[in-house]
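Novice: Let me give you the structure first, and then I'll get to my questions.
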Amino acid sequence: MTAQHQSPLARFTGDANPYGGGDPYADHRSADFPFTQYANLADRQLGAGVIAANDEFFAQRENLLLPERAEFDPEHFGHKGKIMDGWETRRRRGASAEHPWPTADDHDWALVRLGAPGVVRGIVIDTAHFRGNYPQAVSVEGASVPGSPSPEELLADDVKWTTLVPRTAVGGHAANGFAVDVEQRITHLRVNQHPDGGIARLRVYGEVVPDPQWLSALGTFDVVALENGGQVEDASNLFYSPATNTIQPGRSRKMDDGWETRRRRDQGHDWIRYQLVARSEIRAVEIDTAYLKGNSAGWASVSVRDGVDGEWVEVLPRTRLQPDTNHRFVLTGPSVGTHARVDIFPDGGISRLRLFGSLTEEGAARLAARHQELGG
């Protein structure tokens with residue numbers, strides 16, 4: 001497969017000004033990227049990891065996937081030099097005094113295992129705080145390799161890498177965003193910086209494409225979970241935290257690891273709408289309000305519809321919720337659908353939503369066809 005032409009949505013090139021004191025993010029260059037509506041496939045919470053790099057002399061590769069934005073301490077130095085919150089390699093040199101410069105092909109690389117395989121829709125390479133030591137250009141390749149390959153296996157000659165972001169000039173102290181339109185299921189990335197330098201954070205936005213054999217073996221599973229291919233379509237309010245948190249793996253670890261809305265001053269209510277992994281038969285519901293103690297939703301209901309034009313059918317009527325509590329409900333009968341909606345009254349938040357069930361015969365067939373179509 002050949003890559004299609006890509007270009008950054010917001011073009012940032014050249015050095016940023018040296019740090020002059022005060023808020024280090026005051027002159028950080030960024031933009032609103034439309035693909036951030038998708039889940040971050042390189043989220044550590046999903047199981048992503050930076051499994052290898054050819055060089056990490058100044059700053060370790062694992063920093064790339066840290067969830068919080070990069071920090072900068074102008075006084076923080078170690079025995080190797082300035083300590084940066086990112087992945088930073090040493091300066092490359094040429095072969096001799098007559099040719100001291102790196103060649104056009106010289107570059108550093110890091111291998112990233114996505115937490116959930118999927119179709120990549122956009123990538124952000126943030127060089128925050130790398131003002132004069134960022135790479136001249138970056139490129140990103142993707143591969144689909146089954147199982148849990150080692151770095152050596154990923155670097156073998158028989159692995160097919162597809163260009164997701166061609167070699168493109170980037171700027172220092174900037175969030176460089178790239179839209180990707182390669183329709184392929186990706187499990188691993190190779191992030192290249194040309195010829196050397198530092199990258200603070202990497203974000204990989206896309207749609208999860210699960211393994212249908214795995215879901216079939218599980219039988220009953222969470223049909224709205226992000227790691228299984230569920231996704232948030234829309235929400236009424238995202239003031240404090242993203243709605244995608246509600247379908248992340250595991251229980252919430254703190255208050256902002258869920259979904260919380262602003263306080264309402266009207267007679268309305270808030271909601272999240274989801275797309276299930278595929279057409280499913282739902283038999284049980286979990287609504288968790290972990291760490292939401294004075295701001296959990298007062299009541300909640302769950303509805304399901306079958307198809308984008310289907311009617312919403314309430315499967316869990318409006319039910320009182322307790323703060324900081326996991327609520328479990330066995331439905332009176334199975335409910336078949338492709339989409340779900342949780343409504344909370346009047347406002348507040350929930351930390352997790354779980355919809356337990358199994359794929360219908362039609363849902364399993366469609367999921368298997370899409371998996372094959374994307375090269376899985």
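For the structure tokens, the naming scheme is as follows: chains receive sequential letters (A, B, ...) according to their order of presentation, residues are indexed from 1 within each chain, and ligands are indexed from 1 in presentation order.
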With only C-alpha atoms counted and 10 Å as the cut-off, give the residues of stretch 14-39 of chain A in contact with stretch 235-255 of chain A, each with its shortest interatomic distance in Å and the pair that gives it, as a Markdown table.
Specialist:
| residue | atom | partner | partner_atom | distance |
| --- | --- | --- | --- | --- |
| A:Gln37 | CA | A:Thr244 | CA | 9.2 |
| A:Tyr38 | CA | A:Thr244 | CA | 8.8 |
| A:Ala39 | CA | A:Thr244 | CA | 7.2 |
Novice: Using only C-alpha atoms, which residues sit within 12 Å of A:Thr261 once same-chain residues fewer than 2 positions away are excluded, as a PyMOL selection string?
Specialist: chain A and resi 235-243+256+258-259+263-264+269-272+292+295-297+344-351
Novice: Mind the document's chain letters and residue numbers, and return as a PyMOL selection string the residues of stretch 101-181 of chain A that DSSP labels strand (DSSP E or B).
Specialist: chain A and resi 108-126+137-143+162-169+171+174-179
Novice: Can you tell me how far atom CA of A:Gly47 sits from atom CA of A:Leu9, in Å to one decimal?
Specialist: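 Those two atoms sit 28.0 Å apart.
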Novice: Could you pull the residues within 12 Å of A:Ala26, counting only C-alpha atoms, minus those fewer than 6 positions along the same chain, as a list in words?
Specialist: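 Near neighbours after the sequence-gap exclusion: Ala16, Asn17, Tyr19, Gly20, Ala128, His129, His173 and Ala174 of chain A.
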Novice: What lies within 10 Å of A:Gly142 using only C-alpha atoms, ignoring chain neighbours under 5 positions off, as a ChimeraX atom specification?
Specialist: /A:111-112,120,160-165,182,184-191
Novice: Print the selection's residues with N, CA, C and O atoms to a file, as a PDB file, in the first residue's frame.
Specialist:
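again-v3.pdb, written as the output of this step:
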ATOM      1  N   LEU A 111      10.124   3.050  18.361  1.00  0.00           N
ATOM      2  CA  LEU A 111       9.042   2.126  18.037  1.00  0.00           C
ATOM      3  C   LEU A 111       7.952   2.242  19.097  1.00  0.00           C
ATOM      4  O   LEU A 111       8.222   2.140  20.295  1.00  0.00           O
ATOM      5  N   VAL A 112       6.723   2.451  18.642  1.00  0.00           N
ATOM      6  CA  VAL A 112       5.585   2.642  19.543  1.00  0.00           C
ATOM      7  C   VAL A 112       4.561   1.549  19.304  1.00  0.00           C
ATOM      8  O   VAL A 112       4.129   1.329  18.166  1.00  0.00           O
ATOM      9  N   VAL A 120      -5.583   5.041  11.961  1.00  0.00           N
ATOM     10  CA  VAL A 120      -5.085   6.323  12.448  1.00  0.00           C
ATOM     11  C   VAL A 120      -5.688   7.443  11.615  1.00  0.00           C
ATOM     12  O   VAL A 120      -5.628   7.425  10.381  1.00  0.00           O
ATOM     13  N   LYS A 160       6.243  -4.981   6.673  1.00  0.00           N
ATOM     14  CA  LYS A 160       5.862  -3.936   5.723  1.00  0.00           C
ATOM     15  C   LYS A 160       5.428  -2.686   6.480  1.00  0.00           C
ATOM     16  O   LYS A 160       4.461  -2.709   7.239  1.00  0.00           O
ATOM     17  N   TRP A 161       6.143  -1.593   6.268  1.00  0.00           N
ATOM     18  CA  TRP A 161       5.823  -0.313   6.894  1.00  0.00           C
ATOM     19  C   TRP A 161       5.171   0.608   5.857  1.00  0.00           C
ATOM     20  O   TRP A 161       5.649   0.730   4.736  1.00  0.00           O
ATOM     21  N   THR A 162       4.099   1.255   6.262  1.00  0.00           N
ATOM     22  CA  THR A 162       3.373   2.186   5.401  1.00  0.00           C
ATOM     23  C   THR A 162       3.561   3.604   5.926  1.00  0.00           C
ATOM     24  O   THR A 162       3.413   3.849   7.135  1.00  0.00           O
ATOM     25  N   THR A 163       3.872   4.530   5.057  1.00  0.00           N
ATOM     26  CA  THR A 163       4.067   5.920   5.467  1.00  0.00           C
ATOM     27  C   THR A 163       2.734   6.546   5.854  1.00  0.00           C
ATOM     28  O   THR A 163       1.790   6.593   5.050  1.00  0.00           O
ATOM     29  N   LEU A 164       2.643   7.022   7.083  1.00  0.00           N
ATOM     30  CA  LEU A 164       1.472   7.757   7.560  1.00  0.00           C
ATOM     31  C   LEU A 164       1.705   9.256   7.497  1.00  0.00           C
ATOM     32  O   LEU A 164       0.797  10.026   7.167  1.00  0.00           O
ATOM     33  N   VAL A 165       2.913   9.678   7.845  1.00  0.00           N
ATOM     34  CA  VAL A 165       3.320  11.084   7.733  1.00  0.00           C
ATOM     35  C   VAL A 165       4.649  11.098   7.000  1.00  0.00           C
ATOM     36  O   VAL A 165       5.642  10.578   7.511  1.00  0.00           O
ATOM     37  N   VAL A 182      -4.832   7.007   5.583  1.00  0.00           N
ATOM     38  CA  VAL A 182      -4.475   5.652   5.167  1.00  0.00           C
ATOM     39  C   VAL A 182      -5.451   4.671   5.815  1.00  0.00           C
ATOM     40  O   VAL A 182      -5.498   4.553   7.036  1.00  0.00           O
ATOM     41  N   GLN A 184      -5.927   1.567   6.894  1.00  0.00           N
ATOM     42  CA  GLN A 184      -5.241   0.334   7.248  1.00  0.00           C
ATOM     43  C   GLN A 184      -5.245   0.184   8.756  1.00  0.00           C
ATOM     44  O   GLN A 184      -5.108   1.164   9.492  1.00  0.00           O
ATOM     45  N   ARG A 185      -5.425  -1.036   9.223  1.00  0.00           N
ATOM     46  CA  ARG A 185      -5.357  -1.310  10.665  1.00  0.00           C
ATOM     47  C   ARG A 185      -3.893  -1.314  11.080  1.00  0.00           C
ATOM     48  O   ARG A 185      -3.081  -2.077  10.560  1.00  0.00           O
ATOM     49  N   ILE A 186      -3.551  -0.449  12.036  1.00  0.00           N
ATOM     50  CA  ILE A 186      -2.166  -0.264  12.474  1.00  0.00           C
ATOM     51  C   ILE A 186      -2.021  -0.761  13.910  1.00  0.00           C
ATOM     52  O   ILE A 186      -2.850  -0.480  14.774  1.00  0.00           O
ATOM     53  N   THR A 187      -0.936  -1.502  14.159  1.00  0.00           N
ATOM     54  CA  THR A 187      -0.643  -1.966  15.519  1.00  0.00           C
ATOM     55  C   THR A 187       0.589  -1.280  16.109  1.00  0.00           C
ATOM     56  O   THR A 187       0.698  -1.136  17.329  1.00  0.00           O
ATOM     57  N   HIS A 188       1.535  -0.871  15.233  1.00  0.00           N
ATOM     58  CA  HIS A 188       2.791  -0.281  15.705  1.00  0.00           C
ATOM     59  C   HIS A 188       3.180   0.910  14.820  1.00  0.00           C
ATOM     60  O   HIS A 188       2.836   0.948  13.633  1.00  0.00           O
ATOM     61  N   LEU A 189       3.887   1.851  15.416  1.00  0.00           N
ATOM     62  CA  LEU A 189       4.409   3.008  14.689  1.00  0.00           C
ATOM     63  C   LEU A 189       5.925   3.047  14.792  1.00  0.00           C
ATOM     64  O   LEU A 189       6.508   2.591  15.792  1.00  0.00           O
ATOM     65  N   ARG A 190       6.544   3.607  13.769  1.00  0.00           N
ATOM     66  CA  ARG A 190       7.962   3.964  13.823  1.00  0.00           C
ATOM     67  C   ARG A 190       8.021   5.475  13.630  1.00  0.00           C
ATOM     68  O   ARG A 190       7.703   5.988  12.559  1.00  0.00           O
ATOM     69  N   VAL A 191       8.402   6.167  14.701  1.00  0.00           N
ATOM     70  CA  VAL A 191       8.470   7.635  14.698  1.00  0.00           C
ATOM     71  C   VAL A 191       9.919   8.028  14.451  1.00  0.00           C
ATOM     72  O   VAL A 191      10.823   7.630  15.210  1.00  0.00           O
TER      73      VAL A 191
END
Novice: Would you work out the distance separating atom CA of A:Ala284 from atom CA of A:Thr360, expressed in Å to one decimal?
Specialist: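 Computing the Euclidean distance for atom CA of A:Ala284 and atom CA of A:Thr360 yields 15.5 Å.
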Novice: Which residue is closest to A:Pro210? Choose from A:Ala116, A:Val159, A:Val315, A:Ala10 and count only C-alpha atoms.
Specialist: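 Of all the options, A:Ala116 lies closest to A:Pro210.
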Novice: Smallest atom-to-atom distance to A:Leu114: which of A:Asn176, A:Thr289, A:Asn63, A:Gln45, using only C-alpha atoms?
Specialist: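 Nearest to A:Leu114: A:Gln45.
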Novice: Measuring atom to atom with only C-alpha atoms, identify which of A:Ala175, A:Val342, A:Ile51, A:Ala137 is nearest to A:Asp234.
Specialist: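 So, comparing all the options, the nearest one is A:Val342.
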Novice: Find the residue from A:Glu281, A:Ser358, A:Phe178, A:Lys293 that sits nearest to A:Asp32; use only C-alpha atoms when measuring.
Specialist: A:Phe178
Novice: List the neighbours of A:Arg121 out to 7 Å using only C-alpha atoms; skip same-chain residues closer than 5 positions along the sequence, and give me the result as number ranges by chain.
Specialist: A: 35, 179-181, 205-206
Novice: Excluding stretch 70-75 of chain A and any residue of its chain fewer than 3 positions from it, enumerate the residues within 9 Å of it, using only C-alpha atoms, and give them as a list in words.
Specialist: Tyr19, Gly21, Pro24, Asn63, Leu66, Pro67, Lys82, Ile83, Met84, Asp85, Gly86, Ala128, His129, Ala200 and Arg201 of chain A
Novice: May I have the selected residues written with all heavy atoms, as a compact mmCIF listing (two decimals), in the first residue's frame?
Specialist:
# COMPACT_ATOMS: atom_id res chain seq x y z
N TYR A 19 13.88 30.59 25.98
CA TYR A 19 13.02 30.81 27.14
C TYR A 19 13.44 32.08 27.85
O TYR A 19 14.59 32.26 28.22
CB TYR A 19 13.12 29.60 28.08
CG TYR A 19 12.35 29.77 29.36
CD1 TYR A 19 10.97 29.93 29.35
CD2 TYR A 19 13.01 29.80 30.58
CE1 TYR A 19 10.26 30.09 30.53
CE2 TYR A 19 12.31 29.95 31.77
CZ TYR A 19 10.94 30.09 31.74
OH TYR A 19 10.24 30.25 32.90
N GLY A 21 11.71 33.35 30.68
CA GLY A 21 11.13 33.45 32.01
C GLY A 21 9.61 33.47 31.95
O GLY A 21 8.99 33.66 30.90
N PRO A 24 6.26 29.06 30.54
CA PRO A 24 6.95 28.54 29.36
C PRO A 24 6.01 28.22 28.21
O PRO A 24 6.45 28.08 27.06
CB PRO A 24 7.66 27.29 29.87
CG PRO A 24 6.89 26.87 31.06
CD PRO A 24 6.37 28.13 31.68
N ASN A 63 8.83 9.13 27.92
CA ASN A 63 8.17 10.42 28.14
C ASN A 63 7.19 10.78 27.04
O ASN A 63 6.26 11.57 27.25
CB ASN A 63 9.21 11.54 28.25
CG ASN A 63 10.02 11.46 29.53
OD1 ASN A 63 9.59 10.90 30.53
ND2 ASN A 63 11.23 12.02 29.50
N LEU A 66 3.48 10.17 28.08
CA LEU A 66 2.94 10.63 29.35
C LEU A 66 1.65 11.42 29.10
O LEU A 66 1.58 12.21 28.16
CB LEU A 66 3.95 11.49 30.10
CG LEU A 66 5.20 10.77 30.61
CD1 LEU A 66 6.15 11.75 31.27
CD2 LEU A 66 4.82 9.66 31.60
N PRO A 67 0.62 11.22 29.92
CA PRO A 67 -0.68 11.85 29.63
C PRO A 67 -0.71 13.36 29.84
O PRO A 67 -1.43 14.06 29.13
CB PRO A 67 -1.64 11.14 30.59
CG PRO A 67 -0.76 10.67 31.71
CD PRO A 67 0.55 10.32 31.08
N LYS A 82 21.13 19.20 30.18
CA LYS A 82 19.77 19.67 30.51
C LYS A 82 18.80 18.50 30.47
O LYS A 82 18.76 17.74 29.50
CB LYS A 82 19.34 20.73 29.49
CG LYS A 82 17.96 21.31 29.75
CD LYS A 82 18.00 22.25 30.95
CE LYS A 82 16.60 22.73 31.29
NZ LYS A 82 15.78 21.66 31.90
N ILE A 83 18.00 18.37 31.52
CA ILE A 83 17.01 17.30 31.59
C ILE A 83 15.70 17.82 31.03
O ILE A 83 15.14 18.80 31.52
CB ILE A 83 16.84 16.81 33.04
CG1 ILE A 83 18.15 16.17 33.52
CG2 ILE A 83 15.68 15.83 33.15
CD1 ILE A 83 18.13 15.72 34.95
N MET A 84 15.21 17.15 29.99
CA MET A 84 14.00 17.57 29.30
C MET A 84 12.90 16.52 29.48
O MET A 84 13.16 15.32 29.59
CB MET A 84 14.28 17.77 27.81
CG MET A 84 15.28 18.87 27.51
SD MET A 84 14.65 20.52 27.93
CE MET A 84 13.41 20.73 26.63
N ASP A 85 11.67 17.00 29.47
CA ASP A 85 10.50 16.13 29.62
C ASP A 85 10.03 15.73 28.22
O ASP A 85 9.07 16.28 27.68
CB ASP A 85 9.40 16.87 30.37
CG ASP A 85 8.21 15.97 30.67
OD1 ASP A 85 8.28 14.77 30.38
OD2 ASP A 85 7.19 16.49 31.17
N GLY A 86 10.73 14.77 27.64
CA GLY A 86 10.43 14.29 26.30
C GLY A 86 11.44 13.24 25.91
O GLY A 86 12.15 12.70 26.77
N ALA A 128 7.13 20.74 22.48
CA ALA A 128 7.09 21.70 23.58
C ALA A 128 8.41 21.76 24.33
O ALA A 128 8.96 20.72 24.73
CB ALA A 128 5.96 21.34 24.55
N HIS A 129 8.93 22.96 24.51
CA HIS A 129 10.16 23.29 25.25
C HIS A 129 11.44 22.92 24.49
O HIS A 129 12.53 23.26 24.95
CB HIS A 129 10.17 22.65 26.64
CG HIS A 129 8.87 22.80 27.36
ND1 HIS A 129 8.27 24.03 27.55
CD2 HIS A 129 8.02 21.89 27.88
CE1 HIS A 129 7.11 23.85 28.19
NE2 HIS A 129 6.95 22.57 28.40
N ALA A 200 8.58 16.19 22.62
CA ALA A 200 8.05 16.14 23.98
C ALA A 200 6.94 15.10 24.13
O ALA A 200 6.95 14.27 25.03
CB ALA A 200 7.54 17.52 24.38
N ARG A 201 5.94 15.15 23.24
CA ARG A 201 4.78 14.27 23.37
C ARG A 201 4.33 13.78 21.99
O ARG A 201 4.46 14.49 20.99
CB ARG A 201 3.61 15.00 24.04
CG ARG A 201 3.86 15.39 25.49
CD ARG A 201 3.91 14.17 26.40
NE ARG A 201 3.97 14.55 27.80
CZ ARG A 201 5.12 14.69 28.48
NH1 ARG A 201 6.29 14.49 27.87
NH2 ARG A 201 5.10 15.03 29.76
Novice: So which bits of stretch 204-340 of chain A end up alpha helix (DSSP H) when you DSSP the backbone, as a PyMOL selection string?
Specialist: chain A and resi 212-218
